[in-house]
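Novice: Below is the file target-v1.pdb, with PDB, C-alpha atoms.
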```pdb
ATOM      1  CA  MET A   1       4.278 -13.078 -18.484
ATOM      2  CA  SER A   2       4.062 -16.458 -16.798
ATOM      3  CA  LEU A   3       6.347 -16.819 -13.774
ATOM      4  CA  PHE A   4       5.496 -20.300 -12.535
ATOM      5  CA  GLU A   5       3.331 -22.951 -14.124
ATOM      6  CA  LEU A   6       2.594 -26.253 -12.354
ATOM      7  CA  LYS A   7       1.161 -29.228 -14.239
ATOM      8  CA  GLY A   8       0.006 -32.395 -12.499
ATOM      9  CA  VAL A   9       2.181 -31.735  -9.444
ATOM     10  CA  ARG A  10       1.997 -34.247  -6.601
ATOM     11  CA  GLN A  11       4.162 -34.472  -3.509
ATOM     12  CA  ILE A  12       4.113 -37.617  -1.378
ATOM     13  CA  PHE A  13       5.690 -38.140   2.059
ATOM     14  CA  ASP A  14       5.683 -41.567   3.750
ATOM     15  CA  GLY A  15       3.016 -42.821   1.369
ATOM     16  CA  ARG A  16       0.696 -39.856   2.022
ATOM     17  CA  THR A  17      -0.157 -37.328  -0.696
ATOM     18  CA  VAL A  18       0.403 -33.867   0.817
ATOM     19  CA  LEU A  19       0.101 -31.846  -2.413
ATOM     20  CA  ASP A  20      -2.024 -32.594  -5.471
ATOM     21  CA  ILE A  21      -2.311 -29.717  -7.969
ATOM     22  CA  ASP A  22      -3.616 -30.337 -11.481
ATOM     23  CA  HIS A  23      -2.706 -26.887 -12.788
ATOM     24  CA  LEU A  24      -1.594 -23.573 -11.324
ATOM     25  CA  GLU A  25      -0.127 -20.551 -13.083
ATOM     26  CA  LEU A  26       1.356 -17.471 -11.406
ATOM     27  CA  SER A  27       2.226 -14.277 -13.283
ATOM     28  CA  ALA A  28       5.481 -12.328 -13.043
ATOM     29  CA  GLY A  29       5.258  -9.174 -10.932
ATOM     30  CA  GLY A  30       2.250 -10.421  -8.996
ATOM     31  CA  SER A  31       1.663 -10.811  -5.280
ATOM     32  CA  TYR A  32       0.017 -14.032  -4.112
ATOM     33  CA  ALA A  33      -1.169 -15.263  -0.727
ATOM     34  CA  LEU A  34      -1.376 -19.006  -0.066
ATOM     35  CA  LEU A  35      -4.220 -19.527   2.390
ATOM     36  CA  GLY A  36      -5.383 -22.588   4.239
ATOM     37  CA  PRO A  37      -5.268 -24.412   7.578
ATOM     38  CA  ASN A  38      -2.108 -25.899   9.052
ATOM     39  CA  GLY A  39      -1.041 -28.997   7.157
ATOM     40  CA  CYS A  40      -2.833 -28.067   3.921
ATOM     41  CA  GLY A  41       0.366 -28.029   1.831
ATOM     42  CA  LYS A  42       1.374 -24.343   1.849
ATOM     43  CA  SER A  43       4.965 -24.906   3.034
ATOM     44  CA  THR A  44       5.397 -27.887   0.724
ATOM     45  CA  LEU A  45       4.331 -25.781  -2.264
ATOM     46  CA  LEU A  46       6.759 -23.007  -1.287
ATOM     47  CA  GLN A  47       9.650 -25.505  -1.082
ATOM     48  CA  ILE A  48       8.861 -26.690  -4.609
ATOM     49  CA  LEU A  49       8.605 -23.122  -5.936
ATOM     50  CA  ALA A  50      11.950 -22.323  -4.276
ATOM     51  CA  PHE A  51      13.530 -25.287  -6.125
ATOM     52  CA  LEU A  52      14.486 -26.865  -2.791
ATOM     53  CA  ARG A  53      12.556 -30.100  -3.259
ATOM     54  CA  PRO A  54      11.299 -31.679  -6.502
ATOM     55  CA  PRO A  55       7.755 -33.067  -6.664
ATOM     56  CA  VAL A  56       7.272 -36.830  -6.949
ATOM     57  CA  HIS A  57       5.086 -36.311 -10.018
ATOM     58  CA  GLY A  58       4.430 -33.434 -12.400
ATOM     59  CA  GLU A  59       6.244 -30.594 -14.108
ATOM     60  CA  ILE A  60       7.284 -27.119 -12.961
ATOM     61  CA  TYR A  61       7.898 -24.352 -15.496
ATOM     62  CA  PHE A  62       9.740 -21.157 -14.523
ATOM     63  CA  LYS A  63       9.453 -18.254 -16.964
ATOM     64  CA  GLY A  64       8.314 -20.676 -19.649
ATOM     65  CA  ARG A  65      11.140 -23.214 -19.242
ATOM     66  CA  LYS A  66      10.684 -26.668 -17.762
ATOM     67  CA  THR A  67      12.659 -27.093 -14.542
ATOM     68  CA  ASP A  68      15.720 -29.312 -14.719
ATOM     69  CA  TRP A  69      16.090 -30.734 -11.201
ATOM     70  CA  ARG A  70      19.781 -31.538 -11.555
ATOM     71  CA  GLU A  71      21.831 -29.656  -8.979
ATOM     72  CA  LYS A  72      23.889 -27.754 -11.544
ATOM     73  CA  ALA A  73      20.762 -26.307 -13.177
ATOM     74  CA  LEU A  74      19.114 -25.548  -9.824
ATOM     75  CA  HIS A  75      22.006 -23.368  -8.715
ATOM     76  CA  ALA A  76      21.103 -20.701 -11.288
ATOM     77  CA  LEU A  77      17.388 -20.850 -10.429
ATOM     78  CA  ARG A  78      18.042 -20.430  -6.712
ATOM     79  CA  ARG A  79      19.818 -17.159  -7.452
ATOM     80  CA  GLN A  80      16.544 -15.814  -8.834
ATOM     81  CA  VAL A  81      14.129 -17.215  -6.227
ATOM     82  CA  VAL A  82      14.648 -16.997  -2.458
ATOM     83  CA  LEU A  83      12.584 -18.382   0.406
ATOM     84  CA  VAL A  84      12.390 -16.716   3.825
ATOM     85  CA  ASP A  85      11.437 -19.434   6.315
ATOM     86  CA  GLN A  86       9.064 -18.984   9.222
ATOM     87  CA  HIS A  87      11.938 -19.690  11.642
ATOM     88  CA  PRO A  88      15.130 -18.452   9.913
ATOM     89  CA  ILE A  89      18.468 -19.737  11.151
ATOM     90  CA  MET A  90      21.151 -17.159  11.888
ATOM     91  CA  PHE A  91      24.877 -17.917  11.906
ATOM     92  CA  THR A  92      26.606 -17.271  15.240
ATOM     93  CA  THR A  93      28.214 -14.060  14.047
ATOM     94  CA  THR A  94      27.111 -10.463  13.621
ATOM     95  CA  VAL A  95      23.910  -9.379  11.927
ATOM     96  CA  ILE A  96      25.750  -7.701   9.053
ATOM     97  CA  ASN A  97      27.910 -10.786   8.422
ATOM     98  CA  ASN A  98      24.708 -12.818   8.088
ATOM     99  CA  VAL A  99      23.351 -10.380   5.537
ATOM    100  CA  GLU A 100      26.628 -10.408   3.601
ATOM    101  CA  TYR A 101      26.844 -14.205   3.497
ATOM    102  CA  GLY A 102      25.088 -14.788   0.164
ATOM    103  CA  LEU A 103      27.062 -12.006  -1.483
ATOM    104  CA  LYS A 104      30.317 -13.441  -0.171
ATOM    105  CA  MET A 105      29.434 -16.838  -1.659
ATOM    106  CA  ARG A 106      28.912 -15.099  -4.997
ATOM    107  CA  GLY A 107      32.325 -13.460  -4.889
ATOM    108  CA  VAL A 108      31.155  -9.876  -4.383
ATOM    109  CA  PRO A 109      34.068  -7.693  -3.159
ATOM    110  CA  ALA A 110      34.083  -6.867   0.570
ATOM    111  CA  ARG A 111      33.481  -3.113   0.206
ATOM    112  CA  GLU A 112      30.581  -3.582  -2.207
ATOM    113  CA  ARG A 113      28.885  -6.278  -0.161
ATOM    114  CA  ARG A 114      29.179  -4.176   3.015
ATOM    115  CA  LYS A 115      27.436  -1.286   1.246
ATOM    116  CA  ILE A 116      24.669  -3.559  -0.039
ATOM    117  CA  ALA A 117      24.184  -5.183   3.377
ATOM    118  CA  GLU A 118      23.953  -1.828   5.137
ATOM    119  CA  GLY A 119      21.320  -0.652   2.662
ATOM    120  CA  CYS A 120      19.240  -3.794   3.112
ATOM    121  CA  LEU A 121      19.416  -3.565   6.905
ATOM    122  CA  ALA A 122      18.284   0.064   6.710
ATOM    123  CA  ARG A 123      15.341  -0.982   4.541
ATOM    124  CA  VAL A 124      14.061  -3.380   7.237
ATOM    125  CA  GLY A 125      14.851  -0.976  10.102
ATOM    126  CA  MET A 126      17.720  -3.053  11.511
ATOM    127  CA  HIS A 127      20.760  -0.888  10.666
ATOM    128  CA  ALA A 128      21.375  -0.116  14.358
ATOM    129  CA  PHE A 129      21.684  -3.877  15.018
ATOM    130  CA  ALA A 130      24.407  -4.442  12.394
ATOM    131  CA  PHE A 131      27.141  -5.515  14.791
ATOM    132  CA  ARG A 132      25.044  -7.358  17.354
ATOM    133  CA  PRO A 133      25.133 -11.190  17.630
ATOM    134  CA  ALA A 134      22.488 -12.376  15.157
ATOM    135  CA  HIS A 135      21.629 -15.565  17.062
ATOM    136  CA  LEU A 136      20.526 -13.506  20.108
ATOM    137  CA  LEU A 137      17.850 -11.480  18.290
ATOM    138  CA  SER A 138      14.131 -11.777  19.032
ATOM    139  CA  GLY A 139      11.857 -13.646  16.648
ATOM    140  CA  GLY A 140      10.644 -10.489  14.913
ATOM    141  CA  GLU A 141      14.149  -9.053  14.620
ATOM    142  CA  THR A 142      15.429 -12.350  13.203
ATOM    143  CA  GLN A 143      12.671 -12.335  10.578
ATOM    144  CA  ARG A 144      13.605  -8.800   9.506
ATOM    145  CA  VAL A 145      17.292  -9.711   9.194
ATOM    146  CA  ALA A 146      16.338 -12.781   7.156
ATOM    147  CA  ILE A 147      14.401 -10.533   4.764
ATOM    148  CA  ALA A 148      17.433  -8.221   4.485
ATOM    149  CA  ARG A 149      19.682 -11.234   3.807
ATOM    150  CA  ALA A 150      17.354 -12.380   1.024
ATOM    151  CA  LEU A 151      17.078  -8.866  -0.452
ATOM    152  CA  ALA A 152      20.841  -8.486  -0.574
ATOM    153  CA  CYS A 153      20.998 -11.161  -3.277
ATOM    154  CA  SER A 154      18.688  -9.109  -5.586
ATOM    155  CA  PRO A 155      16.163 -11.906  -6.281
ATOM    156  CA  GLU A 156      13.424 -11.720  -8.895
ATOM    157  CA  VAL A 157      11.016 -13.678  -6.676
ATOM    158  CA  MET A 158      10.653 -13.720  -2.894
ATOM    159  CA  LEU A 159       8.754 -16.448  -1.067
ATOM    160  CA  PHE A 160       7.690 -16.098   2.559
ATOM    161  CA  ASP A 161       6.470 -18.896   4.820
ATOM    162  CA  GLU A 162       4.161 -17.371   7.465
ATOM    163  CA  PRO A 163       6.260 -14.162   7.721
ATOM    164  CA  THR A 164       4.445 -12.774  10.789
ATOM    165  CA  ALA A 165       3.288 -15.954  12.531
ATOM    166  CA  SER A 166       5.894 -15.926  15.302
ATOM    167  CA  VAL A 167       6.449 -12.205  15.853
ATOM    168  CA  ASP A 168       4.980  -9.525  18.117
ATOM    169  CA  VAL A 169       2.530  -6.898  16.882
ATOM    170  CA  GLU A 170       5.166  -4.187  16.468
ATOM    171  CA  ASN A 171       7.418  -6.357  14.302
ATOM    172  CA  GLN A 172       4.397  -7.645  12.389
ATOM    173  CA  ALA A 173       3.523  -4.107  11.269
ATOM    174  CA  VAL A 174       7.145  -3.434  10.234
ATOM    175  CA  ILE A 175       7.421  -6.712   8.294
ATOM    176  CA  GLU A 176       4.169  -6.100   6.445
ATOM    177  CA  LYS A 177       5.311  -2.619   5.436
ATOM    178  CA  VAL A 178       8.666  -3.982   4.259
ATOM    179  CA  ILE A 179       6.912  -6.577   2.103
ATOM    180  CA  GLN A 180       4.644  -3.895   0.608
ATOM    181  CA  ASP A 181       7.617  -1.609  -0.094
ATOM    182  CA  ILE A 182       9.634  -4.412  -1.703
ATOM    183  CA  ARG A 183       7.007  -5.000  -4.319
ATOM    184  CA  ARG A 184       6.153  -1.343  -4.920
ATOM    185  CA  GLU A 185       9.732  -0.102  -5.180
ATOM    186  CA  LYS A 186      11.574  -3.082  -6.618
ATOM    187  CA  GLY A 187       8.873  -4.885  -8.611
ATOM    188  CA  ILE A 188       9.777  -8.230  -7.068
ATOM    189  CA  SER A 189       7.217 -11.028  -7.435
ATOM    190  CA  LEU A 190       5.913 -12.087  -4.006
ATOM    191  CA  ILE A 191       4.348 -15.353  -2.871
ATOM    192  CA  PHE A 192       3.670 -15.919   0.806
ATOM    193  CA  ALA A 193       1.899 -18.470   2.956
ATOM    194  CA  THR A 194      -0.372 -17.284   5.744
ATOM    195  CA  HIS A 195      -3.390 -18.408   7.741
ATOM    196  CA  LYS A 196      -4.365 -14.776   8.401
ATOM    197  CA  ARG A 197      -7.089 -13.571   6.044
ATOM    198  CA  LEU A 198      -6.527  -9.907   6.947
ATOM    199  CA  GLU A 199      -2.822 -10.175   6.177
ATOM    200  CA  ALA A 200      -3.651 -11.680   2.798
ATOM    201  CA  VAL A 201      -6.059  -8.807   2.080
ATOM    202  CA  ARG A 202      -3.405  -6.219   2.972
ATOM    203  CA  LEU A 203      -0.458  -7.743   1.106
ATOM    204  CA  ALA A 204      -1.709  -9.795  -1.849
ATOM    205  CA  GLU A 205      -3.465  -9.011  -5.100
ATOM    206  CA  GLU A 206      -4.563 -12.621  -5.496
ATOM    207  CA  LYS A 207      -5.357 -15.412  -3.048
ATOM    208  CA  ILE A 208      -4.829 -19.133  -3.550
ATOM    209  CA  PHE A 209      -6.744 -21.450  -1.239
ATOM    210  CA  LEU A 210      -5.419 -24.881  -0.323
ATOM    211  CA  PHE A 211      -7.152 -27.657   1.586
ATOM    212  CA  GLU A 212      -5.611 -31.088   2.154
ATOM    213  CA  GLY A 213      -3.080 -30.358  -0.586
ATOM    214  CA  ARG A 214      -5.609 -29.331  -3.239
ATOM    215  CA  LEU A 215      -6.701 -26.026  -4.696
ATOM    216  CA  THR A 216     -10.189 -25.184  -3.508
ATOM    217  CA  GLY A 217     -10.897 -21.975  -5.405
ATOM    218  CA  PRO A 218     -12.305 -18.704  -3.984
ATOM    219  CA  GLY A 219     -13.817 -18.812  -0.509
ATOM    220  CA  GLY A 220     -11.575 -21.652   0.599
ATOM    221  CA  GLU A 221     -12.264 -21.213   4.297
ATOM    222  CA  ASN A 222     -15.878 -22.485   4.074
ATOM    223  CA  LEU A 223     -14.719 -26.091   3.845
ATOM    224  CA  PHE A 224     -16.739 -28.987   5.176
ATOM    225  CA  SER A 225     -16.924 -32.749   5.385
ATOM    226  CA  GLY A 226     -20.301 -33.921   4.142
ATOM    227  CA  ILE A 227     -22.262 -36.766   2.625
ATOM    228  CA  VAL A 228     -23.484 -36.639  -0.966
ATOM    229  CA  ALA A 229     -26.772 -38.431  -1.616
ATOM    230  CA  TRP A 230     -29.168 -38.716  -4.506
ATOM    231  CA  LYS A 231     -32.501 -36.947  -4.049
ATOM    232  CA  GLY A 232     -34.705 -37.706  -6.992
ATOM    233  CA  GLU A 233     -32.685 -36.891 -10.108
ATOM    234  CA  HIS A 234     -30.211 -34.535  -8.456
ATOM    235  CA  THR A 235     -27.614 -34.726  -5.696
ATOM    236  CA  VAL A 236     -27.478 -32.973  -2.348
ATOM    237  CA  CYS A 237     -24.774 -32.678   0.285
ATOM    238  CA  ARG A 238     -25.693 -33.038   3.941
ATOM    239  CA  LEU A 239     -23.696 -31.042   6.463
ATOM    240  CA  GLY A 240     -24.318 -31.716  10.143
ATOM    241  CA  GLU A 241     -27.880 -32.566  11.112
ATOM    242  CA  ASN A 242     -29.909 -29.789   9.525
ATOM    243  CA  VAL A 243     -28.124 -28.426   6.451
ATOM    244  CA  GLU A 244     -28.811 -29.970   3.042
ATOM    245  CA  LEU A 245     -27.451 -28.210  -0.048
ATOM    246  CA  ASP A 246     -27.883 -28.846  -3.749
ATOM    247  CA  VAL A 247     -24.558 -29.807  -5.343
ATOM    248  CA  LYS A 248     -23.228 -31.152  -8.608
ATOM    249  CA  ALA A 249     -21.590 -34.507  -7.952
ATOM    250  CA  ARG A 250     -21.133 -37.728  -9.885
ATOM    251  CA  HIS A 251     -20.890 -40.044  -6.906
ATOM    252  CA  SER A 252     -22.597 -40.387  -3.544
ATOM    253  CA  GLY A 253     -20.858 -40.891  -0.212
ATOM    254  CA  LEU A 254     -18.362 -38.944   1.896
ATOM    255  CA  CYS A 255     -16.991 -35.741   0.370
ATOM    256  CA  ARG A 256     -15.326 -32.413   1.002
ATOM    257  CA  MET A 257     -17.144 -29.328  -0.179
ATOM    258  CA  THR A 258     -16.728 -25.557  -0.193
ATOM    259  CA  ILE A 259     -19.199 -22.663  -0.133
ATOM    260  CA  ARG A 260     -18.248 -19.286  -1.610
ATOM    261  CA  PRO A 261     -18.846 -16.548   0.991
ATOM    262  CA  GLU A 262     -20.384 -14.241  -1.643
ATOM    263  CA  GLY A 263     -23.099 -16.845  -2.251
ATOM    264  CA  ILE A 264     -24.372 -16.740   1.337
ATOM    265  CA  ARG A 265     -27.152 -14.207   1.906
ATOM    266  CA  LEU A 266     -28.557 -12.896   5.193
ATOM    267  CA  PHE A 267     -32.105 -11.810   6.041
ATOM    268  CA  THR A 268     -33.482 -10.251   9.190
ATOM    269  CA  ALA A 269     -36.746 -11.672  10.552
ATOM    270  CA  GLU A 270     -38.738  -8.952   8.764
ATOM    271  CA  GLN A 271     -36.900  -9.446   5.476
ATOM    272  CA  ALA A 272     -37.399 -13.203   5.676
ATOM    273  CA  LYS A 273     -41.184 -12.783   5.648
ATOM    274  CA  THR A 274     -41.023 -11.341   2.127
ATOM    275  CA  VAL A 275     -39.135 -14.342   0.706
ATOM    276  CA  GLN A 276     -40.736 -17.232   2.609
ATOM    277  CA  SER A 277     -43.344 -17.718  -0.097
ATOM    278  CA  SER A 278     -40.647 -18.169  -2.734
ATOM    279  CA  SER A 279     -38.729 -21.358  -3.462
ATOM    280  CA  LEU A 280     -35.702 -19.947  -1.605
ATOM    281  CA  LYS A 281     -34.635 -22.253   1.203
ATOM    282  CA  LEU A 282     -33.810 -20.486   4.463
ATOM    283  CA  TYR A 283     -31.786 -21.760   7.403
ATOM    284  CA  PRO A 284     -32.141 -20.217  10.876
ATOM    285  CA  GLY A 285     -28.809 -18.871  12.091
ATOM    286  CA  ARG A 286     -27.081 -16.616  14.597
ATOM    287  CA  VAL A 287     -24.336 -14.033  14.066
ATOM    288  CA  LEU A 288     -21.251 -15.095  16.037
ATOM    289  CA  GLN A 289     -18.633 -12.608  14.842
ATOM    290  CA  MET A 290     -18.176  -9.604  12.538
ATOM    291  CA  THR A 291     -14.673  -8.607  11.353
ATOM    292  CA  ALA A 292     -13.490  -5.828   9.046
ATOM    293  CA  GLU A 293     -11.427  -7.035   6.072
ATOM    294  CA  GLY A 294     -10.452  -4.055   3.956
ATOM    295  CA  GLU A 295     -13.624  -2.647   2.420
ATOM    296  CA  GLN A 296     -15.666  -5.685   3.421
ATOM    297  CA  ILE A 297     -17.129  -7.135   6.612
ATOM    298  CA  LYS A 298     -16.678 -10.865   7.207
ATOM    299  CA  ILE A 299     -19.518 -12.411   9.210
ATOM    300  CA  LEU A 300     -19.277 -15.744  11.011
ATOM    301  CA  LEU A 301     -22.650 -17.498  11.292
ATOM    302  CA  ASP A 302     -23.916 -20.597  13.056
ATOM    303  CA  ILE A 303     -26.554 -22.424  10.964
ATOM    304  CA  GLY A 304     -25.836 -25.816  12.487
ATOM    305  CA  VAL A 305     -22.383 -25.600  10.932
ATOM    306  CA  PRO A 306     -20.147 -22.493  11.022
ATOM    307  CA  VAL A 307     -20.161 -20.534   7.749
ATOM    308  CA  ARG A 308     -18.631 -17.204   6.754
ATOM    309  CA  THR A 309     -20.046 -14.622   4.402
ATOM    310  CA  LEU A 310     -18.902 -11.204   3.197
ATOM    311  CA  LEU A 311     -20.785  -7.905   2.986
ATOM    312  CA  SER A 312     -19.623  -4.509   1.869
ATOM    313  CA  ARG A 313     -19.371  -1.959   4.681
ATOM    314  CA  LYS A 314     -22.420  -0.178   3.251
ATOM    315  CA  GLU A 315     -24.455  -3.405   3.122
ATOM    316  CA  ALA A 316     -23.461  -4.268   6.688
ATOM    317  CA  VAL A 317     -24.556  -0.850   7.975
ATOM    318  CA  GLN A 318     -27.842  -0.924   6.037
ATOM    319  CA  SER A 319     -28.665  -4.430   7.280
ATOM    320  CA  GLY A 320     -28.465  -3.329  10.918
ATOM    321  CA  ILE A 321     -27.245  -6.814  11.830
ATOM    322  CA  LEU A 322     -25.188  -7.126  15.019
ATOM    323  CA  VAL A 323     -23.289  -9.907  16.787
ATOM    324  CA  GLY A 324     -25.754 -12.178  18.600
ATOM    325  CA  ASP A 325     -28.667 -11.448  16.243
ATOM    326  CA  GLU A 326     -30.902 -14.242  14.968
ATOM    327  CA  VAL A 327     -31.031 -14.250  11.149
ATOM    328  CA  GLN A 328     -32.255 -16.326   8.238
ATOM    329  CA  VAL A 329     -29.604 -17.575   5.821
ATOM    330  CA  ALA A 330     -29.916 -18.518   2.146
ATOM    331  CA  ILE A 331     -27.164 -20.266   0.194
ATOM    332  CA  ASP A 332     -27.161 -19.897  -3.592
ATOM    333  CA  SER A 333     -26.918 -23.208  -5.456
ATOM    334  CA  GLY A 334     -24.045 -21.891  -7.560
ATOM    335  CA  ALA A 335     -22.002 -21.148  -4.442
ATOM    336  CA  THR A 336     -21.371 -24.804  -3.575
ATOM    337  CA  GLN A 337     -18.639 -27.007  -4.974
ATOM    338  CA  VAL A 338     -17.638 -30.565  -4.175
ATOM    339  CA  VAL A 339     -13.820 -30.566  -4.130
ATOM    340  CA  GLN A 340     -13.117 -34.161  -3.148
TER
END
```
Mind turning this structure into structure tokens?

Specialist:
Amino acid sequence: MSLFELKGVRQIFDGRTVLDIDHLELSAGGSYALLGPNGCGKSTLLQILAFLRPPVHGEIYFKGRKTDWREKALHALRRQVVLVDQHPIMFTTTVINNVEYGLKMRGVPARERRKIAEGCLARVGMHAFAFRPAHLLSGGETQRVAIARALACSPEVMLFDEPTASVDVENQAVIEKVIQDIRREKGISLIFATHKRLEAVRLAEEKIFLFEGRLTGPGGENLFSGIVAWKGEHTVCRLGENVELDVKARHSGLCRMTIRPEGIRLFTAEQAKTVQSSSLKLYPGRVLQMTAEGEQIKILLDIGVPVRTLLSRKEAVQSGILVGDEVQVAIDSGATQVVQ
């Protein structure tokens, strides 16, 4: 079942377009990670999905119904969807009073809301802090109380804006486990913004990549500024001084483009000898970094511009490639996409 559907959504601040999404659909019960660099539009999208700010243009559908942005209609929607900010604000009272606040506003009797609040604090490992001043908590503790406060209202959808960005490692592990448990045990739909690829791998079933307010599709971190030029009857995109890739583009000039990591292949010096006679174009490169991401290994390469590719653990072991090695790199033509 469709949870959210966005059509032609644009958000503009001070004359600058910060979000421009032609179409996006999210399913109920899913878990989604919004990925992209700072300023790419992740927080703006979360504010729209939380019904806190309407877009300048476009339509938002929630569970198949077009959103009515009048305050009276929004009140009911905000009971179903809650947003946990990156820097939550706590009232200058006890932790448990903060968690009870939303329930109190809804007229829940004192005994019932105390029971609910205690259960939610226990879920995030903060029951022992119930009667401490909430505004004196650490960043990680504050984030956990904010999650408990949101959970207390029994939402259908929870949105998180960089949930572990400002917390220590210990609290990060606790918060990630809480988020995993929420979805597994309660079936709540989850959407969270992060710039951490590993966090997205651990917590989300699907990833949505944003760059300069636009969806970029899979592999969104290989994003570049380039120049499209005609070469005979086809177009190429030039990146840096030495990289020239075949692309499909209607116009020449400055552009933004993306390369899917799965479309980047590595060859050792010996392997490269067997393909040099083919039409495959190879770029000399060096391995800068190798990082485990779930069952895959992400490899950062320097080929004149930094690019990232993914190998399975088995492929990485069989290749024998190590950090610092010189390699030859091929980029499949179907792996490139001009996005702007």

Novice: Quick one: apply the PyMOL selection byres ((chain A and resi 11-27) around 6) to the file and drop the selected residues here as a short mmCIF file (atom, residue, chain, number, x, y, z; two decimals) with C-alpha atoms, keeping the file's coordinate frame.

Specialist:
```cif
data_model
loop_
_atom_site.label_atom_id
_atom_site.label_comp_id
_atom_site.auth_asym_id
_atom_site.auth_seq_id
_atom_site.Cartn_x
_atom_site.Cartn_y
_atom_site.Cartn_z
CA MET A 1 4.28 -13.08 -18.48
CA SER A 2 4.06 -16.46 -16.80
CA LEU A 3 6.35 -16.82 -13.77
CA PHE A 4 5.50 -20.30 -12.54
CA GLU A 5 3.33 -22.95 -14.12
CA LEU A 6 2.59 -26.25 -12.35
CA LYS A 7 1.16 -29.23 -14.24
CA GLY A 8 0.01 -32.40 -12.50
CA VAL A 9 2.18 -31.74 -9.44
CA ARG A 10 2.00 -34.25 -6.60
CA ALA A 28 5.48 -12.33 -13.04
CA GLY A 30 2.25 -10.42 -9.00
CA GLY A 41 0.37 -28.03 1.83
CA PRO A 55 7.76 -33.07 -6.66
CA VAL A 56 7.27 -36.83 -6.95
CA GLY A 213 -3.08 -30.36 -0.59
CA ARG A 214 -5.61 -29.33 -3.24
#
```

Novice: Compile the contact shell of Cys120 of chain A as a PyMOL selection string: residues with an atom at most 9 Å away, counting only C-alpha atoms, same-chain residues fewer than 3 positions apart removed.

Specialist: chain A and resi 99+115-117+123-127+145+147-149+151-152

Novice: Write out as a ChimeraX atom specification the residues lying within 6 Å of segment 258-275 of chain A, counting only C-alpha atoms and excluding same-chain residues fewer than 4 positions away.

Specialist: /A:219,222-223,308-310,327-332,335-337

Novice: Please produce, as a Markdown table, a per-residue contact table for segment 60-139 of chain A versus segment 190-212 of chain A (criterion: any atom at most 10 Å away, only C-alpha atoms considered), showing the nearest atom pair and its distance in Å to one decimal, sorted by chain then residue number.

Specialist:
```
| residue | atom | partner | partner_atom | distance |
| --- | --- | --- | --- | --- |
| A:Val81 | CA | A:Leu190 | CA | 9.9 |
| A:Leu83 | CA | A:Phe192 | CA | 9.3 |
| A:Val84 | CA | A:Phe192 | CA | 9.3 |
| A:Gln86 | CA | A:Ala193 | CA | 9.5 |
```

Novice: Quote the spacing between atom CA of Ala130 of chain A and atom CA of Thr93 of chain A in Å to one decimal place.

Specialist: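 Taking atom CA of Ala130 of chain A and atom CA of Thr93 of chain A, their separation equals 10.5 Å.
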
Novice: From the set A:Lys314, A:Lys104, A:Arg114, A:Lys177, which residue has the shortest atom-to-atom contact distance to Gln296 of chain A, counting only C-alpha atoms?

Specialist: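 Ranked by minimum distance to Gln296 of chain A, first place goes to A:Lys314.
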
Novice: Which value, in Å to one decimal, gives the distance between atom CA of Ser319 of chain A and atom CA of Glu241 of chain A?

Specialist: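 These atoms are spaced 28.4 Å apart.
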
Novice: Would you kindly return, as a list of chain:residue names, each protein, DNA or RNA residue with an atom no farther than 7 Å from any atom of Pro88 of chain A, considering all atoms listed in the file and excluding same-chain residues fewer than 4 positions away?

Specialist: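 The contact residues come out as A:Val84, A:Thr142, A:Gln143, A:Ala146.
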
Novice: How far is it from atom CA of Cys237 of chain A to atom CA of Gly304 of chain A, in Å with one decimal?

Specialist: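 Value for the atom CA of Cys237 of chain A-atom CA of Gly304 of chain A distance: 14.0 Å.
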
Novice: Kindly extract all protein, DNA and RNA residues lying within 8 Å of the coordinates (22.8, -15.7, 18.5) given in the file, considering all atoms listed in the file, and supply them as number ranges by chain.

Specialist: A: 90-93, 133-137

Novice: What residues come out when you apply the PyMOL selection byres ((chain A and resi 286) around 12) to this file, written as a ChimeraX atom specification?

Specialist: /A:266-269,283-285,287-290,299-308,321-329

Novice: Find the residue from A:Ser166, A:Gln318, A:Asn38, A:Thr291 that sits nearest to His87 of chain A; use all atoms listed in the file when measuring.

Specialist: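 So, comparing all the options, the nearest one is A:Ser166.
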
Novice: With only C-alpha atoms as the basis for distance, which of A:Gln47, A:Ser189, A:Ser333, A:Gln180 is at the shortest distance from Lys248 of chain A?

Specialist: A:Ser333

Novice: Output: segment 328-332 of chain A of the preceding structure, restricted to N, CA, C and O atoms, written as a JSON list (two decimals), in the first residue's frame.

Specialist:
```json
[["chain", "number", "residue", "atom", "x", "y", "z"],
["A", 328, "GLN", "N", 43.76, -0.89, -12.88],
["A", 328, "GLN", "CA", 43.14, -0.35, -14.08],
["A", 328, "GLN", "C", 41.63, -0.39, -13.89],
["A", 328, "GLN", "O", 41.09, -1.38, -13.37],
["A", 329, "VAL", "N", 40.94, 0.67, -14.29],
["A", 329, "VAL", "CA", 39.53, 0.82, -14.00],
["A", 329, "VAL", "C", 38.74, 0.99, -15.30],
["A", 329, "VAL", "O", 39.10, 1.79, -16.16],
["A", 330, "ALA", "N", 37.67, 0.21, -15.42],
["A", 330, "ALA", "CA", 36.75, 0.33, -16.55],
["A", 330, "ALA", "C", 35.38, 0.78, -16.03],
["A", 330, "ALA", "O", 34.94, 0.33, -14.97],
["A", 331, "ILE", "N", 34.73, 1.65, -16.78],
["A", 331, "ILE", "CA", 33.41, 2.14, -16.39],
["A", 331, "ILE", "C", 32.42, 1.78, -17.49],
["A", 331, "ILE", "O", 32.56, 2.23, -18.64],
["A", 332, "ASP", "N", 31.43, 0.97, -17.17],
["A", 332, "ASP", "CA", 30.44, 0.55, -18.16],
["A", 332, "ASP", "C", 29.64, 1.77, -18.64],
["A", 332, "ASP", "O", 29.28, 2.64, -17.85]]
```
